[in-house]
$ cat data.cif   # mmCIF, C-alpha atoms (C1' of nucleotides)
data_upload
loop_
_atom_site.label_atom_id
_atom_site.label_comp_id
_atom_site.auth_asym_id
_atom_site.auth_seq_id
_atom_site.Cartn_x
_atom_site.Cartn_y
_atom_site.Cartn_z
CA MET Z 404 64.64 -185.77 132.40
CA GLU Z 405 66.10 -185.95 128.92
CA ASP Z 406 62.94 -184.20 127.73
CA GLN Z 407 63.66 -181.28 130.07
CA ILE Z 408 67.19 -181.02 128.71
CA TYR Z 409 65.84 -180.55 125.20
CA GLY Z 410 63.54 -177.85 126.56
CA TYR Z 411 66.38 -175.93 128.22
CA HIS Z 412 68.58 -176.46 125.19
CA ALA Z 413 65.87 -174.98 122.96
CA GLU Z 414 65.36 -172.01 125.30
CA MET Z 415 69.07 -171.28 125.15
CA CYS Z 416 69.10 -171.49 121.37
CA LYS Z 417 66.26 -168.98 121.09
CA VAL Z 418 68.89 -166.41 121.97
CA PHE Z 419 70.50 -167.16 118.60
CA SER Z 420 67.28 -166.97 116.63
CA HIS Z 421 67.15 -163.19 116.18
CA PRO Z 422 69.50 -161.18 113.92
CA LYS Z 423 70.03 -158.36 116.38
CA ARG Z 424 70.84 -160.72 119.23
CA LEU Z 425 73.43 -162.42 117.04
CA GLU Z 426 74.88 -159.05 116.12
CA LEU Z 427 74.96 -158.14 119.80
CA ILE Z 428 76.96 -161.26 120.61
CA ASN Z 429 79.34 -160.60 117.74
CA ILE Z 430 80.08 -156.97 118.59
CA MET Z 431 80.37 -157.64 122.30
CA ARG Z 432 82.59 -160.73 122.07
CA ASP Z 433 84.73 -160.84 125.22
CA LYS Z 434 84.36 -157.14 126.00
CA GLU Z 435 82.09 -155.51 128.50
CA MET Z 436 79.59 -153.01 127.08
CA SER Z 437 76.93 -150.76 128.54
CA ALA Z 438 73.30 -150.85 127.47
CA GLY Z 439 73.80 -147.40 125.97
CA GLN Z 440 76.77 -148.45 123.87
CA LEU Z 441 74.92 -151.52 122.66
CA GLY Z 442 71.81 -149.54 121.73
CA GLU Z 443 74.00 -147.13 119.76
CA ARG Z 444 75.83 -149.86 117.86
CA LEU Z 445 72.75 -151.96 117.14
CA GLY Z 446 70.41 -149.11 116.30
CA LEU Z 447 67.75 -150.35 118.66
CA ALA Z 448 65.30 -148.35 120.78
CA PRO Z 449 66.27 -148.52 124.46
CA SER Z 450 63.18 -150.42 125.53
CA ASN Z 451 63.49 -152.94 122.73
CA LEU Z 452 67.15 -153.52 123.49
CA SER Z 453 66.39 -153.88 127.17
CA GLN Z 454 63.92 -156.64 126.39
CA HIS Z 455 66.52 -158.51 124.38
CA LEU Z 456 69.07 -158.06 127.17
CA THR Z 457 66.60 -159.29 129.76
CA MET Z 458 65.78 -162.46 127.86
CA MET Z 459 69.48 -163.15 127.31
CA ARG Z 460 70.23 -162.64 130.99
CA GLU Z 461 67.32 -164.87 132.00
CA ARG Z 462 68.90 -167.63 129.93
CA HIS Z 463 72.27 -167.02 131.57
CA ILE Z 464 73.87 -165.98 128.27
CA LEU Z 465 74.70 -162.54 129.65
CA THR Z 466 75.69 -161.28 133.07
CA SER Z 467 75.28 -157.70 134.17
CA ARG Z 468 76.82 -155.28 136.61
CA LYS Z 469 75.60 -151.84 137.59
CA GLU Z 470 77.92 -148.88 138.11
CA GLY Z 471 76.18 -145.61 138.89
CA ASN Z 472 73.30 -145.50 136.52
CA VAL Z 473 74.96 -147.41 133.73
CA VAL Z 474 74.56 -151.17 133.40
CA TYR Z 475 77.39 -153.17 131.88
CA TYR Z 476 76.82 -156.46 130.15
CA ARG Z 477 79.15 -159.28 129.35
CA ILE Z 478 78.85 -162.71 127.77
CA ALA Z 479 78.67 -165.21 130.62
CA ASN Z 480 80.58 -168.06 128.97
CA ILE Z 481 83.17 -167.31 126.33
CA ARG Z 482 82.65 -170.75 124.82
CA LEU Z 483 79.39 -169.39 123.48
CA LEU Z 484 81.50 -167.53 120.93
CA GLU Z 485 82.90 -170.85 119.71
CA ALA Z 486 79.33 -171.98 119.07
CA PHE Z 487 78.49 -168.70 117.36
CA ASP Z 488 81.55 -168.97 115.09
CA LEU Z 489 80.98 -172.64 114.32
CA LEU Z 490 77.36 -172.08 113.33
CA ARG Z 491 78.36 -169.15 111.16
CA GLU Z 492 81.00 -171.24 109.46
CA ILE Z 493 78.48 -174.00 108.77
CA LEU Z 494 76.24 -171.34 107.25
CA PHE Z 495 79.07 -170.15 104.99
CA GLU Z 496 79.84 -173.70 103.86
CA GLN Z 497 76.21 -174.12 102.95
CA ILE Z 498 76.09 -170.83 101.04
CA ARG Z 499 79.23 -171.80 99.12
CA GLN Z 500 77.67 -175.14 98.22
CA ASP Z 501 74.49 -173.46 96.97
CA ALA Z 502 76.58 -171.05 94.91
CA ALA Z 503 78.54 -173.96 93.40
CA LEU Z 504 75.29 -175.67 92.44
CA ILE Z 505 74.07 -172.57 90.65
CA GLN Z 506 77.37 -172.19 88.79
CA GLY Z 507 77.54 -175.78 87.67
CA ARG Z 508 73.92 -176.41 86.73
CA THR Z 509 72.89 -177.75 83.32
CA SER Z 510 69.39 -176.25 83.09
CA MET H 171 75.59 -157.53 103.43
CA GLU H 172 76.68 -158.29 106.98
CA ASP H 173 73.09 -157.57 108.01
CA GLN H 174 71.86 -160.30 105.67
CA ILE H 175 74.32 -162.76 107.17
CA TYR H 176 72.84 -162.21 110.62
CA GLY H 177 69.42 -162.81 109.10
CA TYR H 178 70.41 -166.13 107.53
CA HIS H 179 72.30 -167.10 110.66
CA ALA H 180 69.19 -166.47 112.76
CA GLU H 181 66.99 -168.43 110.37
CA MET H 182 69.36 -171.37 110.64
CA CYS H 183 69.36 -171.19 114.43
CA LYS H 184 65.56 -171.27 114.55
CA VAL H 185 65.97 -174.96 113.74
CA PHE H 186 67.54 -175.36 117.20
CA SER H 187 64.88 -173.42 119.04
CA HIS H 188 62.34 -176.21 119.42
CA PRO H 189 62.76 -179.22 121.74
CA LYS H 190 61.45 -181.77 119.27
CA ARG H 191 63.69 -180.52 116.49
CA LEU H 192 66.67 -180.86 118.80
CA GLU H 193 65.59 -184.36 119.73
CA LEU H 194 65.20 -185.17 116.05
CA ILE H 195 68.77 -184.07 115.36
CA ASN H 196 70.06 -186.07 118.31
CA ILE H 197 68.32 -189.34 117.45
CA MET H 198 69.12 -189.05 113.77
CA ARG H 199 72.79 -188.11 114.12
CA ASP H 200 74.60 -189.47 111.03
CA LYS H 201 71.98 -192.09 110.21
CA GLU H 202 69.28 -191.91 107.59
CA MET H 203 65.73 -192.18 108.91
CA SER H 204 62.29 -192.23 107.33
CA ALA H 205 59.54 -189.82 108.25
CA GLY H 206 57.63 -192.73 109.75
CA GLN H 207 60.53 -193.82 111.97
CA LEU H 208 61.04 -190.26 113.14
CA GLY H 209 57.36 -189.76 113.93
CA GLU H 210 57.39 -192.99 115.93
CA ARG H 211 60.48 -192.03 117.94
CA LEU H 212 59.44 -188.44 118.56
CA GLY H 213 55.79 -189.11 119.28
CA LEU H 214 54.62 -186.47 116.83
CA ALA H 215 51.57 -186.45 114.60
CA PRO H 216 52.52 -187.03 110.95
CA SER H 217 51.42 -183.60 109.80
CA ASN H 218 53.18 -181.82 112.61
CA LEU H 219 56.39 -183.74 112.02
CA SER H 220 56.18 -183.06 108.31
CA GLN H 221 56.03 -179.33 109.02
CA HIS H 222 59.15 -179.54 111.16
CA LEU H 223 60.92 -181.57 108.46
CA THR H 224 59.92 -179.09 105.78
CA MET H 225 61.27 -176.08 107.69
CA MET H 226 64.51 -177.93 108.40
CA ARG H 227 64.91 -178.86 104.75
CA GLU H 228 64.16 -175.30 103.63
CA ARG H 229 67.07 -174.17 105.80
CA HIS H 230 69.32 -176.85 104.28
CA ILE H 231 69.74 -178.61 107.63
CA LEU H 232 68.20 -181.79 106.25
CA THR H 233 68.26 -183.46 102.85
CA SER H 234 65.69 -185.98 101.69
CA ARG H 235 65.41 -188.84 99.27
CA LYS H 236 62.33 -190.73 98.23
CA GLU H 237 62.21 -194.49 97.78
CA GLY H 238 58.82 -195.93 96.92
CA ASN H 239 56.44 -194.13 99.21
CA VAL H 240 58.85 -193.64 102.06
CA VAL H 241 60.93 -190.49 102.38
CA TYR H 242 64.32 -190.75 104.01
CA TYR H 243 65.92 -187.81 105.76
CA ARG H 244 69.51 -187.13 106.67
CA ILE H 245 71.42 -184.28 108.29
CA ALA H 246 73.01 -182.30 105.45
CA ASN H 247 76.22 -181.31 107.22
CA ILE H 248 77.62 -183.52 109.96
CA ARG H 249 79.38 -180.52 111.50
CA LEU H 250 75.96 -179.45 112.69
CA LEU H 251 76.28 -182.19 115.28
CA GLU H 252 79.44 -180.52 116.61
CA ALA H 253 77.42 -177.35 117.12
CA PHE H 254 74.61 -179.30 118.77
CA ASP H 255 77.03 -181.03 121.14
CA LEU H 256 78.91 -177.84 121.95
CA LEU H 257 75.75 -175.93 122.81
CA ARG H 258 74.54 -178.79 124.95
CA GLU H 259 77.83 -178.87 126.77
CA ILE H 260 77.66 -175.13 127.41
CA LEU H 261 74.18 -175.70 128.82
CA PHE H 262 75.47 -178.41 131.15
CA GLU H 263 78.30 -176.17 132.37
CA GLN H 264 75.76 -173.51 133.14
CA ILE H 265 73.47 -175.91 134.98
CA ARG H 266 76.42 -177.15 137.06
CA GLN H 267 77.33 -173.57 137.95
CA ASP H 268 73.79 -172.80 139.03
CA ALA H 269 73.73 -175.96 141.14
CA ALA H 270 77.04 -174.96 142.79
CA LEU H 271 75.62 -171.53 143.62
CA ILE H 272 72.61 -173.08 145.31
CA GLN H 273 74.81 -175.48 147.30
CA GLY H 274 77.21 -172.81 148.50
CA ARG H 275 74.80 -169.98 149.21
CA THR H 276 74.77 -168.18 152.58
CA SER H 277 71.12 -167.03 152.64
"C1'" DA A 795 66.14 -131.80 136.54
"C1'" DC A 796 68.86 -134.95 133.74
"C1'" DA A 797 70.78 -139.23 132.12
"C1'" DT A 798 70.48 -144.09 131.88
"C1'" DA A 799 67.90 -148.00 131.93
"C1'" DT A 800 63.87 -150.99 132.77
"C1'" DT A 801 58.95 -152.17 132.97
"C1'" DT A 802 54.32 -152.29 131.39
"C1'" DA A 803 50.64 -152.18 127.98
"C1'" DT A 804 49.26 -152.57 123.42
"C1'" DT A 805 49.38 -154.22 118.96
"C1'" DA A 806 51.34 -156.73 115.06
"C1'" DA A 807 53.65 -160.67 113.28
"C1'" DA A 808 55.50 -165.24 113.47
"C1'" DT A 809 55.23 -170.01 115.16
"C1'" DA A 810 53.07 -174.31 116.39
"C1'" DC A 811 49.46 -177.61 116.69
"C1'" DT A 812 45.20 -180.18 115.23
"C1'" DA A 813 42.19 -181.87 111.89
"C1'" DA A 814 40.88 -182.48 107.26
"C1'" DA A 815 42.05 -182.90 102.59
"C1'" DT A 816 45.24 -184.25 99.01
"C1'" DA A 817 48.97 -186.68 96.70
"C1'" DT A 818 51.75 -190.85 95.58
"C1'" DT A 819 53.23 -195.50 95.62
"C1'" DT A 820 52.48 -200.21 96.76
"C1'" DT A 821 49.56 -204.17 97.47
"C1'" DG A 822 45.77 -207.19 96.79
"C1'" DT A 823 41.95 -208.88 94.01
"C1'" DT A 824 39.50 -210.12 90.16
"C1'" DA P 94 45.71 -205.47 83.07
"C1'" DA P 95 42.42 -202.82 85.83
"C1'" DC P 96 40.72 -201.39 89.92
"C1'" DA P 97 40.15 -200.57 94.81
"C1'" DA P 98 42.30 -200.40 99.21
"C1'" DA P 99 46.12 -199.53 102.16
"C1'" DA P 100 50.35 -197.27 103.51
"C1'" DT P 101 53.23 -193.26 103.65
"C1'" DA P 102 53.76 -188.61 103.51
"C1'" DT P 103 52.60 -183.73 102.53
"C1'" DT P 104 49.61 -179.69 102.18
"C1'" DT P 105 46.05 -176.65 103.57
"C1'" DA P 106 42.98 -174.28 106.82
"C1'" DG P 107 41.88 -172.80 111.22
"C1'" DT P 108 43.08 -171.65 115.86
"C1'" DA P 109 46.00 -170.74 119.76
"C1'" DT P 110 50.27 -169.37 121.52
"C1'" DT P 111 54.54 -166.99 121.46
"C1'" DT P 112 57.54 -163.41 120.05
"C1'" DA P 113 58.70 -158.65 118.71
"C1'" DA P 114 58.16 -153.73 118.37
"C1'" DT P 115 56.44 -149.16 119.74
"C1'" DA P 116 55.00 -145.94 123.02
"C1'" DA P 117 54.20 -144.54 127.61
"C1'" DA P 118 55.21 -144.89 132.31
"C1'" DT P 119 58.36 -145.92 136.01
"C1'" DA P 120 62.65 -146.43 138.48
"C1'" DT P 121 67.48 -145.09 139.96
"C1'" DG P 122 71.56 -142.59 140.40
"C1'" DT P 123 74.10 -137.98 139.32
#
$ encode --input "data.cif" --output "structure tokens"
Amino acid sequence: MEDQIYGYHAEMCKVFSHPKRLELINIMRDKEMSAGQLGERLGLAPSNLSQHLTMMRERHILTSRKEGNVVYYRIANIRLLEAFDLLREILFEQIRQDAALIQGRTS
Amino acid sequence: MEDQIYGYHAEMCKVFSHPKRLELINIMRDKEMSAGQLGERLGLAPSNLSQHLTMMRERHILTSRKEGNVVYYRIANIRLLEAFDLLREILFEQIRQDAALIQGRTS
DNA sequence: ACATATTTATTAAATACTAAATATTTTGTT
DNA sequence: AACAAAATATTTAGTATTTAATAAATATGT
């Protein structure tokens, strides 16, 4: 049981393990955006973007809604943005620490 | 610049994208553990575990310290556990929602 | 027919695992 | 002290699997 949780948890986190998917999350935030708009902003080929969107929807990170022939996407759970921001902040802390080490080194 | 940040952010998140690495984080928490103890708990072959530890250390998620011939590992920034817990909680919310949908469906 | 988006197929690149080889430190023996 | 053996851990090589990108084909709605 617990093993399965780690598996699902890992699958969810794979969404965060690609730069363009992170950028997607960050530009979308709590807004709704069409596939076309996203492709424009991210500079991704339609088919490539669609694959990213599909994998994110499969993991329930995104929901979608079709209106005419345009498909709108939205982040399913806004709390995901908290996680995104927290991880980014941890990254910044780490970068600052590395920078401090380089400044203060004796070698 | 911003592009590079997404790259580093993604690299960091790759640590979370494997079940055993998540389990490692969760059993280690704020304690210090040796490679041997971790291998025992996780049921991983020494060489395989060592590869996971190396990639986590390269990304500054873990620090290490050697005493005699045993190497002790520790999570570099305790805030990482906040991120771990938050993501896991988001996962649970999502699972509960899916379960509710199945319960209440009309089909 | 056109616009928007997805799917499929192919190929390239990255990731993960096993097994074998290589350190490194401690322990035991003479 | 000197040496071999054991214990702990890492590194390297080889293979298999997964992930990502491009291009072509296929929907679907206007």
$ atom_distance --input "data.cif" --atom1 "CA of Met203 (chain H)" --atom2 "CA of Asn218 (chain H)"
16.7 Å
$ atom_distance --input "data.cif" --atom1 "C1' of DA98 (chain P)" --atom2 "CA of Gly213 (chain H)"
26.7 Å
$ interface_residues --input "data.cif" --of "chain H" --to "chain P" --cutoff "9 Å" --atoms "all atoms listed in the file" --output "PyMOL selection string"
chain H and resi 205-206+216-217+220-221+239-241
$ calpha_fit_and_write --input "data.cif" --fixed "chain Z" --moving "chain H" --output "PDB file with C-alpha atoms, in the frame of the given file"
ATOM      1  CA  MET H 171      64.637-185.830 132.373  1.00  0.00           C
ATOM      2  CA  GLU H 172      66.103-185.994 128.881  1.00  0.00           C
ATOM      3  CA  ASP H 173      62.935-184.251 127.700  1.00  0.00           C
ATOM      4  CA  GLN H 174      63.655-181.339 130.034  1.00  0.00           C
ATOM      5  CA  ILE H 175      67.178-181.056 128.672  1.00  0.00           C
ATOM      6  CA  TYR H 176      65.832-180.569 125.158  1.00  0.00           C
ATOM      7  CA  GLY H 177      63.540-177.892 126.553  1.00  0.00           C
ATOM      8  CA  TYR H 178      66.368-175.966 128.214  1.00  0.00           C
ATOM      9  CA  HIS H 179      68.564-176.478 125.176  1.00  0.00           C
ATOM     10  CA  ALA H 180      65.864-174.988 122.946  1.00  0.00           C
ATOM     11  CA  GLU H 181      65.345-172.042 125.280  1.00  0.00           C
ATOM     12  CA  MET H 182      69.059-171.317 125.151  1.00  0.00           C
ATOM     13  CA  CYS H 183      69.096-171.503 121.361  1.00  0.00           C
ATOM     14  CA  LYS H 184      66.245-169.001 121.094  1.00  0.00           C
ATOM     15  CA  VAL H 185      68.898-166.428 121.979  1.00  0.00           C
ATOM     16  CA  PHE H 186      70.496-167.175 118.590  1.00  0.00           C
ATOM     17  CA  SER H 187      67.288-166.974 116.616  1.00  0.00           C
ATOM     18  CA  HIS H 188      67.154-163.209 116.183  1.00  0.00           C
ATOM     19  CA  PRO H 189      69.504-161.203 113.930  1.00  0.00           C
ATOM     20  CA  LYS H 190      70.041-158.377 116.388  1.00  0.00           C
ATOM     21  CA  ARG H 191      70.839-160.739 119.233  1.00  0.00           C
ATOM     22  CA  LEU H 192      73.430-162.423 117.047  1.00  0.00           C
ATOM     23  CA  GLU H 193      74.891-159.060 116.132  1.00  0.00           C
ATOM     24  CA  LEU H 194      74.965-158.143 119.807  1.00  0.00           C
ATOM     25  CA  ILE H 195      76.961-161.271 120.618  1.00  0.00           C
ATOM     26  CA  ASN H 196      79.353-160.606 117.753  1.00  0.00           C
ATOM     27  CA  ILE H 197      80.089-156.972 118.597  1.00  0.00           C
ATOM     28  CA  MET H 198      80.366-157.662 122.301  1.00  0.00           C
ATOM     29  CA  ARG H 199      82.583-160.746 122.079  1.00  0.00           C
ATOM     30  CA  ASP H 200      84.717-160.829 125.259  1.00  0.00           C
ATOM     31  CA  LYS H 201      84.364-157.127 126.019  1.00  0.00           C
ATOM     32  CA  GLU H 202      82.077-155.496 128.528  1.00  0.00           C
ATOM     33  CA  MET H 203      79.589-153.024 127.075  1.00  0.00           C
ATOM     34  CA  SER H 204      76.925-150.754 128.520  1.00  0.00           C
ATOM     35  CA  ALA H 205      73.310-150.844 127.454  1.00  0.00           C
ATOM     36  CA  GLY H 206      73.780-147.406 125.928  1.00  0.00           C
ATOM     37  CA  GLN H 207      76.788-148.464 123.841  1.00  0.00           C
ATOM     38  CA  LEU H 208      74.937-151.533 122.634  1.00  0.00           C
ATOM     39  CA  GLY H 209      71.833-149.560 121.693  1.00  0.00           C
ATOM     40  CA  GLU H 210      74.013-147.131 119.748  1.00  0.00           C
ATOM     41  CA  ARG H 211      75.840-149.878 117.845  1.00  0.00           C
ATOM     42  CA  LEU H 212      72.762-151.967 117.127  1.00  0.00           C
ATOM     43  CA  GLY H 213      70.430-149.117 116.276  1.00  0.00           C
ATOM     44  CA  LEU H 214      67.739-150.355 118.635  1.00  0.00           C
ATOM     45  CA  ALA H 215      65.303-148.381 120.744  1.00  0.00           C
ATOM     46  CA  PRO H 216      66.255-148.502 124.437  1.00  0.00           C
ATOM     47  CA  SER H 217      63.163-150.407 125.487  1.00  0.00           C
ATOM     48  CA  ASN H 218      63.478-152.937 122.720  1.00  0.00           C
ATOM     49  CA  LEU H 219      67.144-153.523 123.466  1.00  0.00           C
ATOM     50  CA  SER H 220      66.397-153.862 127.153  1.00  0.00           C
ATOM     51  CA  GLN H 221      63.913-156.631 126.377  1.00  0.00           C
ATOM     52  CA  HIS H 222      66.521-158.503 124.365  1.00  0.00           C
ATOM     53  CA  LEU H 223      69.071-158.052 127.164  1.00  0.00           C
ATOM     54  CA  THR H 224      66.604-159.274 129.763  1.00  0.00           C
ATOM     55  CA  MET H 225      65.779-162.472 127.858  1.00  0.00           C
ATOM     56  CA  MET H 226      69.475-163.147 127.305  1.00  0.00           C
ATOM     57  CA  ARG H 227      70.231-162.645 130.983  1.00  0.00           C
ATOM     58  CA  GLU H 228      67.324-164.875 132.015  1.00  0.00           C
ATOM     59  CA  ARG H 229      68.911-167.639 129.942  1.00  0.00           C
ATOM     60  CA  HIS H 230      72.294-167.014 131.592  1.00  0.00           C
ATOM     61  CA  ILE H 231      73.882-165.978 128.290  1.00  0.00           C
ATOM     62  CA  LEU H 232      74.692-162.535 129.660  1.00  0.00           C
ATOM     63  CA  THR H 233      75.674-161.252 133.087  1.00  0.00           C
ATOM     64  CA  SER H 234      75.281-157.655 134.186  1.00  0.00           C
ATOM     65  CA  ARG H 235      76.808-155.254 136.639  1.00  0.00           C
ATOM     66  CA  LYS H 236      75.625-151.813 137.589  1.00  0.00           C
ATOM     67  CA  GLU H 237      77.932-148.850 138.095  1.00  0.00           C
ATOM     68  CA  GLY H 238      76.229-145.557 138.845  1.00  0.00           C
ATOM     69  CA  ASN H 239      73.344-145.435 136.435  1.00  0.00           C
ATOM     70  CA  VAL H 240      74.988-147.396 133.673  1.00  0.00           C
ATOM     71  CA  VAL H 241      74.567-151.149 133.384  1.00  0.00           C
ATOM     72  CA  TYR H 242      77.393-153.150 131.892  1.00  0.00           C
ATOM     73  CA  TYR H 243      76.798-156.453 130.158  1.00  0.00           C
ATOM     74  CA  ARG H 244      79.144-159.293 129.378  1.00  0.00           C
ATOM     75  CA  ILE H 245      78.838-162.724 127.788  1.00  0.00           C
ATOM     76  CA  ALA H 246      78.667-165.227 130.656  1.00  0.00           C
ATOM     77  CA  ASN H 247      80.558-168.071 128.997  1.00  0.00           C
ATOM     78  CA  ILE H 248      83.160-167.313 126.350  1.00  0.00           C
ATOM     79  CA  ARG H 249      82.640-170.762 124.831  1.00  0.00           C
ATOM     80  CA  LEU H 250      79.384-169.398 123.491  1.00  0.00           C
ATOM     81  CA  LEU H 251      81.495-167.538 120.961  1.00  0.00           C
ATOM     82  CA  GLU H 252      82.892-170.866 119.728  1.00  0.00           C
ATOM     83  CA  ALA H 253      79.330-172.001 119.088  1.00  0.00           C
ATOM     84  CA  PHE H 254      78.500-168.722 117.362  1.00  0.00           C
ATOM     85  CA  ASP H 255      81.559-168.983 115.116  1.00  0.00           C
ATOM     86  CA  LEU H 256      80.979-172.645 114.329  1.00  0.00           C
ATOM     87  CA  LEU H 257      77.369-172.087 113.315  1.00  0.00           C
ATOM     88  CA  ARG H 258      78.368-169.146 111.176  1.00  0.00           C
ATOM     89  CA  GLU H 259      81.010-171.223 109.488  1.00  0.00           C
ATOM     90  CA  ILE H 260      78.501-173.986 108.781  1.00  0.00           C
ATOM     91  CA  LEU H 261      76.263-171.331 107.245  1.00  0.00           C
ATOM     92  CA  PHE H 262      79.085-170.114 105.012  1.00  0.00           C
ATOM     93  CA  GLU H 263      79.860-173.664 103.867  1.00  0.00           C
ATOM     94  CA  GLN H 264      76.238-174.079 102.955  1.00  0.00           C
ATOM     95  CA  ILE H 265      76.103-170.792 101.067  1.00  0.00           C
ATOM     96  CA  ARG H 266      79.241-171.765  99.124  1.00  0.00           C
ATOM     97  CA  GLN H 267      77.672-175.103  98.212  1.00  0.00           C
ATOM     98  CA  ASP H 268      74.512-173.431  96.982  1.00  0.00           C
ATOM     99  CA  ALA H 269      76.583-170.999  94.923  1.00  0.00           C
ATOM    100  CA  ALA H 270      78.538-173.914  93.388  1.00  0.00           C
ATOM    101  CA  LEU H 271      75.281-175.638  92.447  1.00  0.00           C
ATOM    102  CA  ILE H 272      74.043-172.537  90.666  1.00  0.00           C
ATOM    103  CA  GLN H 273      77.349-172.139  88.803  1.00  0.00           C
ATOM    104  CA  GLY H 274      77.517-175.742  87.654  1.00  0.00           C
ATOM    105  CA  ARG H 275      73.883-176.369  86.805  1.00  0.00           C
ATOM    106  CA  THR H 276      72.839-177.771  83.408  1.00  0.00           C
ATOM    107  CA  SER H 277      69.310-176.306  83.187  1.00  0.00           C
TER     108      SER H 277
END
$ closest_atom_pairs --input "data.cif" --of "chain A" --to "chain Z" --cutoff "10 Å" --atoms "all atoms listed in the file" --output "CSV"
residue,atom,partner,partner_atom,distance
A:DA797,C1',Z:Asn472,CA,8.1
A:DT798,C1',Z:Asn472,CA,5.6
A:DA799,C1',Z:Val473,CA,7.3
A:DT800,C1',Z:Ser453,CA,6.8
A:DT801,C1',Z:Ser450,CA,8.7
$ interface_residues --input "data.cif" --of "chain H" --to "chain Z" --cutoff "10 Å" --atoms "only C-alpha atoms" --output "PyMOL selection string"
chain H and resi 172-193+196+229-231+246-250+252-265+268
$ build_atoms --input "data.cif" --residues "region 183-201 of chain H" --atoms "N, CA and C atoms" --output "JSON list (two decimals), in the coordinates of the input"
[["chain", "number", "residue", "atom", "x", "y", "z"],
["H", 183, "CYS", "N", 69.43, -170.86, 113.00],
["H", 183, "CYS", "CA", 69.36, -171.19, 114.43],
["H", 183, "CYS", "C", 67.94, -171.46, 114.91],
["H", 184, "LYS", "N", 66.95, -170.99, 114.16],
["H", 184, "LYS", "CA", 65.56, -171.27, 114.55],
["H", 184, "LYS", "C", 65.30, -172.78, 114.56],
["H", 185, "VAL", "N", 66.08, -173.50, 113.76],
["H", 185, "VAL", "CA", 65.97, -174.96, 113.74],
["H", 185, "VAL", "C", 66.24, -175.52, 115.14],
["H", 186, "PHE", "N", 67.15, -174.90, 115.86],
["H", 186, "PHE", "CA", 67.54, -175.36, 117.20],
["H", 186, "PHE", "C", 66.61, -174.89, 118.31],
["H", 187, "SER", "N", 65.65, -174.07, 117.97],
["H", 187, "SER", "CA", 64.88, -173.42, 119.04],
["H", 187, "SER", "C", 63.58, -174.15, 119.37],
["H", 188, "HIS", "N", 63.52, -175.42, 119.05],
["H", 188, "HIS", "CA", 62.34, -176.21, 119.42],
["H", 188, "HIS", "C", 62.80, -177.58, 119.94],
["H", 189, "PRO", "N", 62.30, -177.99, 121.11],
["H", 189, "PRO", "CA", 62.76, -179.22, 121.74],
["H", 189, "PRO", "C", 62.69, -180.44, 120.84],
["H", 190, "LYS", "N", 61.62, -180.57, 120.11],
["H", 190, "LYS", "CA", 61.45, -181.77, 119.27],
["H", 190, "LYS", "C", 62.40, -181.75, 118.09],
["H", 191, "ARG", "N", 62.73, -180.57, 117.60],
["H", 191, "ARG", "CA", 63.69, -180.52, 116.49],
["H", 191, "ARG", "C", 65.08, -180.87, 116.99],
["H", 192, "LEU", "N", 65.39, -180.49, 118.20],
["H", 192, "LEU", "CA", 66.67, -180.86, 118.80],
["H", 192, "LEU", "C", 66.74, -182.37, 119.00],
["H", 193, "GLU", "N", 65.64, -182.91, 119.51],
["H", 193, "GLU", "CA", 65.59, -184.36, 119.73],
["H", 193, "GLU", "C", 65.73, -185.10, 118.41],
["H", 194, "LEU", "N", 65.09, -184.57, 117.39],
["H", 194, "LEU", "CA", 65.20, -185.17, 116.05],
["H", 194, "LEU", "C", 66.67, -185.24, 115.62],
["H", 195, "ILE", "N", 67.35, -184.12, 115.76],
["H", 195, "ILE", "CA", 68.77, -184.07, 115.36],
["H", 195, "ILE", "C", 69.57, -185.10, 116.15],
["H", 196, "ASN", "N", 69.27, -185.21, 117.43],
["H", 196, "ASN", "CA", 70.06, -186.07, 118.31],
["H", 196, "ASN", "C", 69.79, -187.55, 118.09],
["H", 197, "ILE", "N", 68.58, -187.92, 117.70],
["H", 197, "ILE", "CA", 68.32, -189.34, 117.45],
["H", 197, "ILE", "C", 68.73, -189.72, 116.03],
["H", 198, "MET", "N", 68.72, -188.74, 115.14],
["H", 198, "MET", "CA", 69.12, -189.05, 113.77],
["H", 198, "MET", "C", 70.63, -189.13, 113.63],
["H", 199, "ARG", "N", 71.31, -188.15, 114.24],
["H", 199, "ARG", "CA", 72.79, -188.11, 114.12],
["H", 199, "ARG", "C", 73.24, -188.30, 112.66],
["H", 200, "ASP", "N", 74.10, -189.29, 112.41],
["H", 200, "ASP", "CA", 74.60, -189.47, 111.03],
["H", 200, "ASP", "C", 73.86, -190.58, 110.29],
["H", 201, "LYS", "N", 72.77, -191.04, 110.87],
["H", 201, "LYS", "CA", 71.98, -192.09, 110.21],
["H", 201, "LYS", "C", 70.92, -191.46, 109.29]]
